Structures are given as structure tokens and as C-alpha cells.
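Since the structure comes first, as C-alpha cells, the remarks are kept for the end.
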Amino acid sequence: MTSTGAAVAATPAAAPADPDDPGARHPSVPGARPGSSRWRQRLEIALFVTPALALMATFVVWPVFSAVRMSFYRWKGFGPMDDFVGLRNYERVLTDDVFKDAVLHNLTIVGLSVAVQLPLGLLLAVLLNRRIRGRGLLRTIVFVPYVLAEVIAGVVWFQLLQPRSGLVEEILTTVGITPPDQGFLGTPGLALWTVFVVLTWKYLGLAVLLFLAGLQGVPDELYEAAQLDGAGWWQVQVRVALPLLGPTIRTWAFLSMIGSLQLFDMVWILTGGGPANATTTMATYLVSQGTQRGNYGIAGAASVVLFVVAFVMALLYQVLVLRRDTAEQR
């Protein structure tokens, strides 16, 4: 036997690793403890999540809790909240004809959004998806109203629609159309429709943007295959592109529904809920009851009802409409 073999033979065999030894489990970090590493990760998560949770608790959870608590009292906004009335505020809200009309107005806006903005947005998206001259400028023109602040857009349209002095009535008079005496915003039968026209101008850009993004995701091979089969341009859009836009359309409809139920800014600026409550929404109703009439208990009850209506409709939409998209993602 050589000296090298003797040295190897004389070397004792390595002892098996002890599973209870922390250093054996973590040879790169002598004496490391798995428990301390887990606690450090939890501490880091808590450090990053706590500010967001604190903001949510301050500006979301606490106001919701305060509104629910307020809805059970008769309170004018000052002094102690000690006049407990139970469900009487809810009874007054649910039996108020103005609030019933407000719910109807919200639902009308929801229906009009789907019936008008959906086909119009799809048409513009399909046209702007073509390679035409000035496509970028046209896309910008369509999308710019959406990025404008609600207050700015509302004030601009309020000035444009002024009776006898607004630009809209001057243009209509020039072409031989007689505008209503009280203006479009001052006539009860036209006010809600006028508000919807302004809302369509404001939010149509969002629908076009979403639909354009969906069209960009359609593979070119599908267009080419349909064209090779003899399909025309419109047939390709209707039979190939639009069916693939189903998830995008359903997502936009959900956003449009929630936004229509919570509609406040534009209505408050244009009409304040008038004339004669012709454009009152659930949001303008509760703000009017709270800030203008001092009925904060009724305003709290109306806000809870608004939350319940929006939550129930969102839940039903999720279960009945978006369930297929969620199942496909799984």
C-alpha cells in the first residue's frame, strides 16, 4: 500500500449531519435559526403594509363606520349624537319619492351607458385601430376629455349650455333650431338627457382606450386567416375581433355600472340635482340632505343604502357575468 492510500485509510469517516444542529441545516450561516429568518420576513411585511392599512382604516373603514353609526341617530352636525331613532332614518329614505326618483335616475344612466356608450365606443375603437392618417391625433382627441378633471369639464359645459348666452344655443339658433326657453339644463324633461350627453363626451375615451387595448391583443394570424377565407373588413371585425373582446367589454361594463351608481360630481356642477329633482342621484341626495339641510342621520342612511345597492349589483354582476372570465383564468 502506498503512503497516499495509507493516509486515506487512516482518515476517519465524516460523521452524519445532525438534523437538530442549526449549523448543519444552514452551513453557509453558522448557527443560523430558521425561526429568526421567518420573524424577520414577517417584520418586513408588517413594516411595508402597516402605512397602507393605517391610511385605509383612517379614510375608508372609519368613515364607513361613522356613516353607519350616524344613520341610527337624528343629528344636525353639532352637539352630542344622543338622539337615537333606530331605523326611522332608513324608513324616511326608502319612502321618500325624491330618493326613489334618484335611484331611477342612476339606473337610467346605467342602462343608457350600456346602450349608447358601448356601441359608440366599439365603433370608434375599431375605426381608430385601422392604419389611417392622423390616427394618433384622433386617439388623443377622443381620450383628452377623460383626463380632464370633473370640475373643469363640468364648469366648461355649464357655461356652454347657458340659456340665451351659451355657445350651444347660439349654434342651434344659427342653424334654425329653437332651444328650450329654460335651456337644456333648466328643462326637467331634457336635463337628465343633457347630463348623459356630457357624461358620454367625458367618459367615452375610457371605453375607446380599453377596447383599443383589447384589439391590440388579437393575433394578426386570425385576421389573415379570415381574409384568406374571403371575409371582408367589417366581417373580420364582427366575427373575429369583437368576440375576442368579450372580457374587455364585460370589464368596462362593470366599471361603467359602478361609476353610474356613484355619479355625483358632474351632476352637482351642472344642475345640483335640479330642476325640480329631475337629475337627482343617490349621491347628490345624500349630500343635499347632509350639507344643505343638516339632516346628517338621513344622509348617513342614504349613504348606507347607496353602498348596499352598489355592493349587491356588483356581486350579482360578478356571479352572473364575470364568473366565466374568472373560471377561465383559473
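Residues in the C-alpha cells are numbered from 1 in each chain, the chains being A, B, ... in the order shown, and ligands are numbered from 1 in the order shown.
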Tell me which protein, DNA and RNA residues are within 12 Å of stretch 304-307 of chain A, counting only C-alpha atoms, leaving out same-chain ones fewer than 3 positions away, and put them as a PyMOL selection string. chain A and resi 63-72+87+89-94+99-100+102-103+106+258+260-263+281-286+297-301+310-315
Rows by chain and residue number, stretch 65-126 of chain A within 10 Å of stretch 210-221 of chain A, shortest pair, only C-alpha atoms, as a tab-separated table:
residue	atom	partner	partner_atom	distance
A:Leu118	CA	A:Phe211	CA	9.8
A:Gly121	CA	A:Phe211	CA	7.5
A:Leu122	CA	A:Phe211	CA	6.6
A:Leu123	CA	A:Phe211	CA	9.6
A:Leu124	CA	A:Leu212	CA	9.0
A:Ala125	CA	A:Leu212	CA	5.3
A:Val126	CA	A:Leu212	CA	7.4
Skipping near chain neighbours, those fewer than 6 positions away, what residues fall within 9 Å of stretch 169-172 of chain A using only C-alpha atoms, listed as a CSV table (one decimal) with all heavy atoms, in the first residue's frame?
chain,number,residue,atom,x,y,z
A,160,LEU,N,-71.2,76.5,-21.5
A,160,LEU,CA,-71.6,76.3,-22.9
A,160,LEU,C,-73.1,76.1,-23.1
A,160,LEU,O,-73.7,76.5,-24.1
A,160,LEU,CB,-70.9,75.0,-23.5
A,160,LEU,CG,-69.4,75.1,-23.7
A,160,LEU,CD1,-68.9,73.7,-24.2
A,160,LEU,CD2,-69.1,76.2,-24.7
A,161,LEU,N,-73.8,75.6,-22.0
A,161,LEU,CA,-75.2,75.3,-22.1
A,161,LEU,C,-76.1,76.4,-21.4
A,161,LEU,O,-77.3,76.2,-21.2
A,161,LEU,CB,-75.5,74.0,-21.4
A,161,LEU,CG,-74.9,72.7,-22.1
A,161,LEU,CD1,-75.0,71.5,-21.2
A,161,LEU,CD2,-75.6,72.5,-23.4
A,162,GLN,N,-75.5,77.5,-21.1
A,162,GLN,CA,-76.3,78.6,-20.5
A,162,GLN,C,-77.4,79.1,-21.5
A,162,GLN,O,-77.1,79.2,-22.7
A,162,GLN,CB,-75.4,79.8,-20.2
A,162,GLN,CG,-74.5,79.6,-19.0
A,162,GLN,CD,-75.4,79.5,-17.7
A,162,GLN,OE1,-76.1,80.4,-17.4
A,162,GLN,NE2,-75.2,78.5,-17.0
A,163,PRO,N,-78.6,79.3,-21.0
A,163,PRO,CA,-79.7,79.7,-21.9
A,163,PRO,C,-79.4,81.1,-22.4
A,163,PRO,O,-79.0,82.0,-21.6
A,163,PRO,CB,-80.9,79.6,-21.0
A,163,PRO,CG,-80.4,79.7,-19.6
A,163,PRO,CD,-79.0,79.1,-19.6
A,178,THR,N,-84.7,76.0,-32.5
A,178,THR,CA,-85.1,76.8,-31.4
A,178,THR,C,-84.8,76.0,-30.1
A,178,THR,O,-85.5,75.0,-29.9
A,178,THR,CB,-86.6,77.2,-31.5
A,178,THR,OG1,-86.8,77.9,-32.7
A,178,THR,CG2,-86.9,78.1,-30.3
A,179,PRO,N,-83.9,76.5,-29.3
A,179,PRO,CA,-83.6,75.8,-28.0
A,179,PRO,C,-84.8,76.0,-27.0
A,179,PRO,O,-85.6,77.0,-27.2
A,179,PRO,CB,-82.3,76.4,-27.5
A,179,PRO,CG,-82.3,77.8,-28.1
A,179,PRO,CD,-83.0,77.7,-29.5
A,183,GLY,N,-83.5,76.6,-21.2
A,183,GLY,CA,-82.2,75.9,-21.5
A,183,GLY,C,-82.3,74.4,-21.3
A,183,GLY,O,-83.2,73.9,-20.8
A,184,PHE,N,-81.3,73.8,-21.8
A,184,PHE,CA,-81.2,72.3,-21.7
A,184,PHE,C,-81.1,71.8,-20.3
A,184,PHE,O,-81.6,70.7,-20.0
A,184,PHE,CB,-80.1,71.7,-22.6
A,184,PHE,CG,-80.3,71.9,-24.1
A,184,PHE,CD1,-79.8,73.0,-24.8
A,184,PHE,CD2,-81.1,71.0,-24.8
A,184,PHE,CE1,-80.0,73.1,-26.1
A,184,PHE,CE2,-81.3,71.2,-26.1
A,184,PHE,CZ,-80.8,72.2,-26.8
Members of stretch 149-211 of chain A assigned alpha helix (DSSP H) by DSSP, as a compact mmCIF listing (two decimals) with all heavy atoms, in the first residue's frame:
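Output file part28.txt is given in full below:
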# COMPACT_ATOMS: atom_id res chain seq x y z
N GLU A 150 -63.14 66.52 -13.30
CA GLU A 150 -64.60 66.62 -13.32
C GLU A 150 -65.05 68.07 -13.19
O GLU A 150 -65.98 68.52 -13.88
CB GLU A 150 -65.19 65.78 -12.19
CG GLU A 150 -64.97 64.29 -12.32
CD GLU A 150 -66.03 63.65 -13.17
OE1 GLU A 150 -66.96 64.36 -13.57
OE2 GLU A 150 -65.91 62.45 -13.45
N VAL A 151 -64.42 68.80 -12.30
CA VAL A 151 -64.83 70.19 -12.06
C VAL A 151 -64.62 71.04 -13.30
O VAL A 151 -65.48 71.84 -13.69
CB VAL A 151 -64.06 70.76 -10.86
CG1 VAL A 151 -64.39 72.23 -10.67
CG2 VAL A 151 -64.38 69.98 -9.59
N ILE A 152 -63.46 70.87 -13.94
CA ILE A 152 -63.17 71.67 -15.14
C ILE A 152 -64.16 71.35 -16.25
O ILE A 152 -64.74 72.25 -16.86
CB ILE A 152 -61.72 71.40 -15.60
CG1 ILE A 152 -60.74 71.88 -14.54
CG2 ILE A 152 -61.45 72.07 -16.94
CD1 ILE A 152 -59.30 71.56 -14.87
N ALA A 153 -64.37 70.07 -16.50
CA ALA A 153 -65.32 69.69 -17.56
C ALA A 153 -66.73 70.16 -17.24
O ALA A 153 -67.44 70.65 -18.12
CB ALA A 153 -65.29 68.17 -17.74
N GLY A 154 -67.14 70.04 -15.98
CA GLY A 154 -68.49 70.47 -15.60
C GLY A 154 -68.69 71.97 -15.76
O GLY A 154 -69.72 72.42 -16.27
N VAL A 155 -67.70 72.75 -15.33
CA VAL A 155 -67.82 74.21 -15.44
C VAL A 155 -67.84 74.64 -16.90
O VAL A 155 -68.62 75.53 -17.30
CB VAL A 155 -66.66 74.89 -14.68
CG1 VAL A 155 -66.63 76.39 -14.98
CG2 VAL A 155 -66.80 74.66 -13.19
N VAL A 156 -67.02 74.01 -17.74
CA VAL A 156 -66.98 74.35 -19.16
C VAL A 156 -68.34 74.08 -19.81
O VAL A 156 -68.90 74.94 -20.52
CB VAL A 156 -65.87 73.57 -19.88
CG1 VAL A 156 -66.01 73.71 -21.39
CG2 VAL A 156 -64.50 74.07 -19.43
N TRP A 157 -68.91 72.91 -19.56
CA TRP A 157 -70.20 72.59 -20.16
C TRP A 157 -71.33 73.41 -19.54
O TRP A 157 -72.32 73.71 -20.23
CB TRP A 157 -70.50 71.09 -20.00
CG TRP A 157 -69.86 70.28 -21.08
CD1 TRP A 157 -68.71 69.55 -21.01
CD2 TRP A 157 -70.35 70.14 -22.42
NE1 TRP A 157 -68.45 68.96 -22.21
CE2 TRP A 157 -69.44 69.30 -23.10
CE3 TRP A 157 -71.45 70.63 -23.10
CZ2 TRP A 157 -69.61 68.95 -24.43
CZ3 TRP A 157 -71.62 70.28 -24.43
CH2 TRP A 157 -70.72 69.44 -25.08
N PHE A 158 -71.20 73.78 -18.29
CA PHE A 158 -72.21 74.64 -17.68
C PHE A 158 -72.26 75.99 -18.39
O PHE A 158 -73.35 76.55 -18.63
CB PHE A 158 -71.90 74.83 -16.20
CG PHE A 158 -72.89 75.70 -15.47
CD1 PHE A 158 -74.12 75.19 -15.07
CD2 PHE A 158 -72.61 77.03 -15.20
CE1 PHE A 158 -75.04 76.00 -14.41
CE2 PHE A 158 -73.52 77.84 -14.55
CZ PHE A 158 -74.74 77.32 -14.14
N GLN A 159 -71.10 76.52 -18.75
CA GLN A 159 -71.05 77.78 -19.48
C GLN A 159 -71.54 77.62 -20.92
O GLN A 159 -72.23 78.48 -21.46
CB GLN A 159 -69.62 78.34 -19.47
CG GLN A 159 -69.10 78.68 -18.09
CD GLN A 159 -69.89 79.78 -17.41
OE1 GLN A 159 -70.43 80.67 -18.08
NE2 GLN A 159 -69.96 79.73 -16.10
N LEU A 160 -71.19 76.50 -21.55
CA LEU A 160 -71.61 76.28 -22.93
C LEU A 160 -73.12 76.12 -23.05
O LEU A 160 -73.72 76.46 -24.08
CB LEU A 160 -70.93 75.03 -23.49
CG LEU A 160 -69.42 75.10 -23.71
CD1 LEU A 160 -68.88 73.75 -24.16
CD2 LEU A 160 -69.08 76.18 -24.73
N LEU A 167 -72.74 78.98 -25.95
CA LEU A 167 -72.33 78.71 -27.32
C LEU A 167 -73.22 77.66 -27.98
O LEU A 167 -73.50 77.74 -29.18
CB LEU A 167 -70.87 78.24 -27.33
CG LEU A 167 -70.27 77.92 -28.70
CD1 LEU A 167 -70.28 79.16 -29.59
CD2 LEU A 167 -68.85 77.38 -28.54
N VAL A 168 -73.69 76.67 -27.23
CA VAL A 168 -74.52 75.61 -27.81
C VAL A 168 -75.81 76.19 -28.36
O VAL A 168 -76.22 75.89 -29.50
CB VAL A 168 -74.81 74.52 -26.76
CG1 VAL A 168 -75.80 73.50 -27.30
CG2 VAL A 168 -73.52 73.81 -26.36
N GLU A 169 -76.47 77.05 -27.58
CA GLU A 169 -77.74 77.63 -28.05
C GLU A 169 -77.51 78.58 -29.21
O GLU A 169 -78.36 78.69 -30.11
CB GLU A 169 -78.45 78.32 -26.90
CG GLU A 169 -78.95 77.36 -25.82
CD GLU A 169 -80.10 77.95 -25.03
OE1 GLU A 169 -80.48 79.10 -25.32
OE2 GLU A 169 -80.60 77.25 -24.13
N GLU A 170 -76.39 79.28 -29.21
CA GLU A 170 -76.11 80.17 -30.34
C GLU A 170 -75.92 79.37 -31.63
O GLU A 170 -76.39 79.77 -32.70
CB GLU A 170 -74.86 81.00 -30.04
CG GLU A 170 -75.07 82.03 -28.93
CD GLU A 170 -73.83 82.88 -28.71
OE1 GLU A 170 -72.83 82.65 -29.45
OE2 GLU A 170 -73.85 83.75 -27.82
N ILE A 171 -75.24 78.24 -31.54
CA ILE A 171 -75.05 77.41 -32.73
C ILE A 171 -76.38 76.85 -33.22
O ILE A 171 -76.68 76.85 -34.42
CB ILE A 171 -74.06 76.28 -32.42
CG1 ILE A 171 -72.66 76.85 -32.14
CG2 ILE A 171 -73.99 75.28 -33.58
CD1 ILE A 171 -71.65 75.81 -31.73
N LEU A 172 -77.20 76.37 -32.28
CA LEU A 172 -78.50 75.83 -32.67
C LEU A 172 -79.39 76.91 -33.29
O LEU A 172 -80.12 76.64 -34.26
CB LEU A 172 -79.19 75.21 -31.45
CG LEU A 172 -78.52 73.95 -30.86
CD1 LEU A 172 -79.28 73.49 -29.63
CD2 LEU A 172 -78.45 72.84 -31.89
N THR A 173 -79.36 78.10 -32.74
CA THR A 173 -80.17 79.19 -33.30
C THR A 173 -79.69 79.55 -34.70
O THR A 173 -80.50 79.86 -35.58
CB THR A 173 -80.08 80.41 -32.37
OG1 THR A 173 -80.51 80.04 -31.05
CG2 THR A 173 -80.97 81.53 -32.89
N THR A 174 -78.38 79.48 -34.90
CA THR A 174 -77.82 79.82 -36.21
C THR A 174 -78.31 78.85 -37.29
O THR A 174 -78.60 79.25 -38.43
CB THR A 174 -76.29 79.81 -36.16
OG1 THR A 174 -75.85 80.75 -35.17
CG2 THR A 174 -75.70 80.19 -37.51
N PRO A 188 -86.96 70.28 -17.09
CA PRO A 188 -86.98 68.96 -16.42
C PRO A 188 -86.96 67.78 -17.38
O PRO A 188 -86.32 66.77 -17.10
CB PRO A 188 -88.27 69.02 -15.61
CG PRO A 188 -88.51 70.47 -15.35
CD PRO A 188 -88.02 71.18 -16.58
N GLY A 189 -87.64 67.88 -18.51
CA GLY A 189 -87.68 66.75 -19.42
C GLY A 189 -86.41 66.53 -20.21
O GLY A 189 -86.22 65.45 -20.81
N LEU A 190 -85.53 67.51 -20.24
CA LEU A 190 -84.30 67.41 -21.03
C LEU A 190 -83.04 67.38 -20.17
O LEU A 190 -81.96 67.04 -20.68
CB LEU A 190 -84.19 68.59 -22.00
CG LEU A 190 -85.28 68.70 -23.07
CD1 LEU A 190 -85.09 69.99 -23.86
CD2 LEU A 190 -85.23 67.50 -24.01
N ALA A 191 -83.14 67.73 -18.90
CA ALA A 191 -81.94 67.90 -18.08
C ALA A 191 -81.15 66.60 -17.94
O ALA A 191 -79.92 66.58 -18.11
CB ALA A 191 -82.33 68.44 -16.70
N LEU A 192 -81.83 65.50 -17.63
CA LEU A 192 -81.13 64.23 -17.43
C LEU A 192 -80.47 63.76 -18.73
O LEU A 192 -79.34 63.25 -18.70
CB LEU A 192 -82.09 63.16 -16.91
CG LEU A 192 -81.45 61.83 -16.53
CD1 LEU A 192 -80.48 62.01 -15.37
CD2 LEU A 192 -82.51 60.79 -16.16
N TRP A 193 -81.16 63.94 -19.85
CA TRP A 193 -80.57 63.55 -21.13
C TRP A 193 -79.36 64.42 -21.46
O TRP A 193 -78.37 63.92 -22.01
CB TRP A 193 -81.62 63.65 -22.24
CG TRP A 193 -82.78 62.74 -22.03
CD1 TRP A 193 -83.97 63.05 -21.44
CD2 TRP A 193 -82.86 61.36 -22.38
NE1 TRP A 193 -84.79 61.95 -21.40
CE2 TRP A 193 -84.14 60.89 -21.97
CE3 TRP A 193 -81.99 60.47 -23.00
CZ2 TRP A 193 -84.55 59.58 -22.16
CZ3 TRP A 193 -82.39 59.17 -23.20
CH2 TRP A 193 -83.66 58.74 -22.78
N THR A 194 -79.44 65.69 -21.12
CA THR A 194 -78.30 66.58 -21.36
C THR A 194 -77.11 66.18 -20.52
O THR A 194 -75.97 66.17 -20.99
CB THR A 194 -78.71 68.03 -21.07
OG1 THR A 194 -79.86 68.38 -21.84
CG2 THR A 194 -77.58 68.98 -21.40
N VAL A 195 -77.37 65.84 -19.26
CA VAL A 195 -76.28 65.38 -18.40
C VAL A 195 -75.65 64.11 -18.96
O VAL A 195 -74.42 63.95 -18.94
CB VAL A 195 -76.81 65.14 -16.97
CG1 VAL A 195 -75.77 64.44 -16.11
CG2 VAL A 195 -77.20 66.47 -16.32
N PHE A 196 -76.47 63.22 -19.48
CA PHE A 196 -75.92 61.99 -20.04
C PHE A 196 -75.05 62.28 -21.27
O PHE A 196 -74.03 61.61 -21.49
CB PHE A 196 -77.04 61.02 -20.42
CG PHE A 196 -76.55 59.79 -21.12
CD1 PHE A 196 -75.86 58.81 -20.42
CD2 PHE A 196 -76.75 59.63 -22.49
CE1 PHE A 196 -75.38 57.68 -21.07
CE2 PHE A 196 -76.28 58.50 -23.13
CZ PHE A 196 -75.60 57.52 -22.42
N VAL A 197 -75.44 63.23 -22.09
CA VAL A 197 -74.62 63.61 -23.25
C VAL A 197 -73.25 64.10 -22.79
O VAL A 197 -72.21 63.72 -23.34
CB VAL A 197 -75.33 64.68 -24.10
CG1 VAL A 197 -74.39 65.23 -25.17
CG2 VAL A 197 -76.58 64.09 -24.76
N VAL A 198 -73.24 64.91 -21.75
CA VAL A 198 -71.96 65.40 -21.21
C VAL A 198 -71.14 64.24 -20.64
O VAL A 198 -69.92 64.16 -20.83
CB VAL A 198 -72.21 66.48 -20.15
CG1 VAL A 198 -70.89 66.94 -19.53
CG2 VAL A 198 -72.94 67.67 -20.75
N LEU A 199 -71.79 63.32 -19.94
CA LEU A 199 -71.09 62.16 -19.40
C LEU A 199 -70.51 61.29 -20.51
O LEU A 199 -69.40 60.77 -20.38
CB LEU A 199 -72.04 61.34 -18.53
CG LEU A 199 -72.50 61.97 -17.22
CD1 LEU A 199 -73.57 61.11 -16.57
CD2 LEU A 199 -71.33 62.16 -16.27
N THR A 200 -71.25 61.15 -21.60
CA THR A 200 -70.74 60.36 -22.73
C THR A 200 -69.51 61.03 -23.33
O THR A 200 -68.51 60.36 -23.64
CB THR A 200 -71.83 60.21 -23.80
OG1 THR A 200 -72.96 59.55 -23.22
CG2 THR A 200 -71.33 59.41 -24.97
N TRP A 201 -69.56 62.34 -23.50
CA TRP A 201 -68.39 63.06 -24.00
C TRP A 201 -67.20 62.90 -23.06
O TRP A 201 -66.06 62.76 -23.50
CB TRP A 201 -68.75 64.54 -24.14
CG TRP A 201 -67.57 65.42 -24.41
CD1 TRP A 201 -67.02 65.71 -25.63
CD2 TRP A 201 -66.80 66.15 -23.44
NE1 TRP A 201 -65.95 66.56 -25.48
CE2 TRP A 201 -65.80 66.84 -24.14
CE3 TRP A 201 -66.86 66.29 -22.06
CZ2 TRP A 201 -64.86 67.65 -23.50
CZ3 TRP A 201 -65.94 67.08 -21.41
CH2 TRP A 201 -64.95 67.76 -22.12
N LYS A 202 -67.48 62.86 -21.76
CA LYS A 202 -66.39 62.81 -20.77
C LYS A 202 -65.77 61.42 -20.68
O LYS A 202 -64.53 61.29 -20.60
CB LYS A 202 -66.96 63.20 -19.39
CG LYS A 202 -65.93 63.14 -18.25
CD LYS A 202 -64.95 64.26 -18.35
CE LYS A 202 -64.10 64.34 -17.07
NZ LYS A 202 -63.25 63.14 -16.88
N TYR A 203 -66.58 60.36 -20.69
CA TYR A 203 -66.07 59.03 -20.38
C TYR A 203 -65.97 58.10 -21.58
O TYR A 203 -65.57 56.94 -21.41
CB TYR A 203 -66.96 58.39 -19.31
CG TYR A 203 -66.85 59.06 -17.97
CD1 TYR A 203 -67.86 59.90 -17.51
CD2 TYR A 203 -65.73 58.89 -17.18
CE1 TYR A 203 -67.76 60.54 -16.30
CE2 TYR A 203 -65.61 59.52 -15.96
CZ TYR A 203 -66.64 60.35 -15.52
OH TYR A 203 -66.52 60.98 -14.32
N LEU A 204 -66.32 58.56 -22.76
CA LEU A 204 -66.21 57.70 -23.93
C LEU A 204 -64.76 57.34 -24.21
O LEU A 204 -64.46 56.25 -24.72
CB LEU A 204 -66.84 58.39 -25.14
CG LEU A 204 -66.93 57.55 -26.41
CD1 LEU A 204 -67.84 56.34 -26.19
CD2 LEU A 204 -67.46 58.40 -27.56
N GLY A 205 -63.85 58.24 -23.88
CA GLY A 205 -62.43 57.97 -24.11
C GLY A 205 -61.93 56.75 -23.36
O GLY A 205 -61.07 56.01 -23.86
N LEU A 206 -62.45 56.52 -22.15
CA LEU A 206 -62.03 55.34 -21.39
C LEU A 206 -62.46 54.06 -22.09
O LEU A 206 -61.68 53.10 -22.19
CB LEU A 206 -62.62 55.39 -19.98
CG LEU A 206 -62.35 54.16 -19.10
CD1 LEU A 206 -60.86 53.97 -18.88
CD2 LEU A 206 -63.09 54.27 -17.78
N ALA A 207 -63.69 54.04 -22.59
CA ALA A 207 -64.16 52.86 -23.31
C ALA A 207 -63.32 52.61 -24.57
O ALA A 207 -62.92 51.48 -24.84
CB ALA A 207 -65.64 53.04 -23.69
N VAL A 208 -63.04 53.66 -25.31
CA VAL A 208 -62.24 53.51 -26.53
C VAL A 208 -60.84 53.02 -26.19
O VAL A 208 -60.28 52.15 -26.88
CB VAL A 208 -62.18 54.85 -27.29
CG1 VAL A 208 -61.23 54.75 -28.48
CG2 VAL A 208 -63.57 55.25 -27.76
N LEU A 209 -60.27 53.53 -25.11
CA LEU A 209 -58.92 53.11 -24.71
C LEU A 209 -58.89 51.63 -24.36
O LEU A 209 -58.00 50.88 -24.80
CB LEU A 209 -58.44 53.96 -23.53
CG LEU A 209 -57.06 53.60 -22.97
CD1 LEU A 209 -55.98 53.91 -24.00
CD2 LEU A 209 -56.80 54.36 -21.68
N LEU A 210 -59.86 51.18 -23.57
CA LEU A 210 -59.90 49.77 -23.19
C LEU A 210 -60.13 48.87 -24.40
O LEU A 210 -59.50 47.82 -24.55
CB LEU A 210 -61.00 49.56 -22.14
CG LEU A 210 -60.77 50.19 -20.77
CD1 LEU A 210 -61.97 49.94 -19.87
CD2 LEU A 210 -59.51 49.64 -20.12
N PHE A 211 -61.05 49.27 -25.28
CA PHE A 211 -61.34 48.45 -26.44
C PHE A 211 -60.15 48.41 -27.41
O PHE A 211 -59.87 47.38 -28.03
CB PHE A 211 -62.59 48.96 -27.16
CG PHE A 211 -63.82 48.90 -26.31
CD1 PHE A 211 -64.89 49.76 -26.54
CD2 PHE A 211 -63.93 47.98 -25.27
CE1 PHE A 211 -66.03 49.70 -25.76
CE2 PHE A 211 -65.06 47.92 -24.49
CZ PHE A 211 -66.11 48.79 -24.72
A:Leu222, A:Leu185, A:Leu242, A:Val144 ranked by distance to A:Pro275, top pick (using only C-alpha atoms):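 Ranking A:Leu222, A:Leu185, A:Leu242, A:Val144 by distance to A:Pro275, first place goes to A:Leu185.
Atom pair atom CA of A:Ile269 / atom CA of A:Lys76 has a distance of 24.8 Å (rounded to one decimal).
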Coordinates-based distance that separates atom CA of A:Asp101 from atom CA of A:Gly86 (Å, one decimal): 24.5 Å
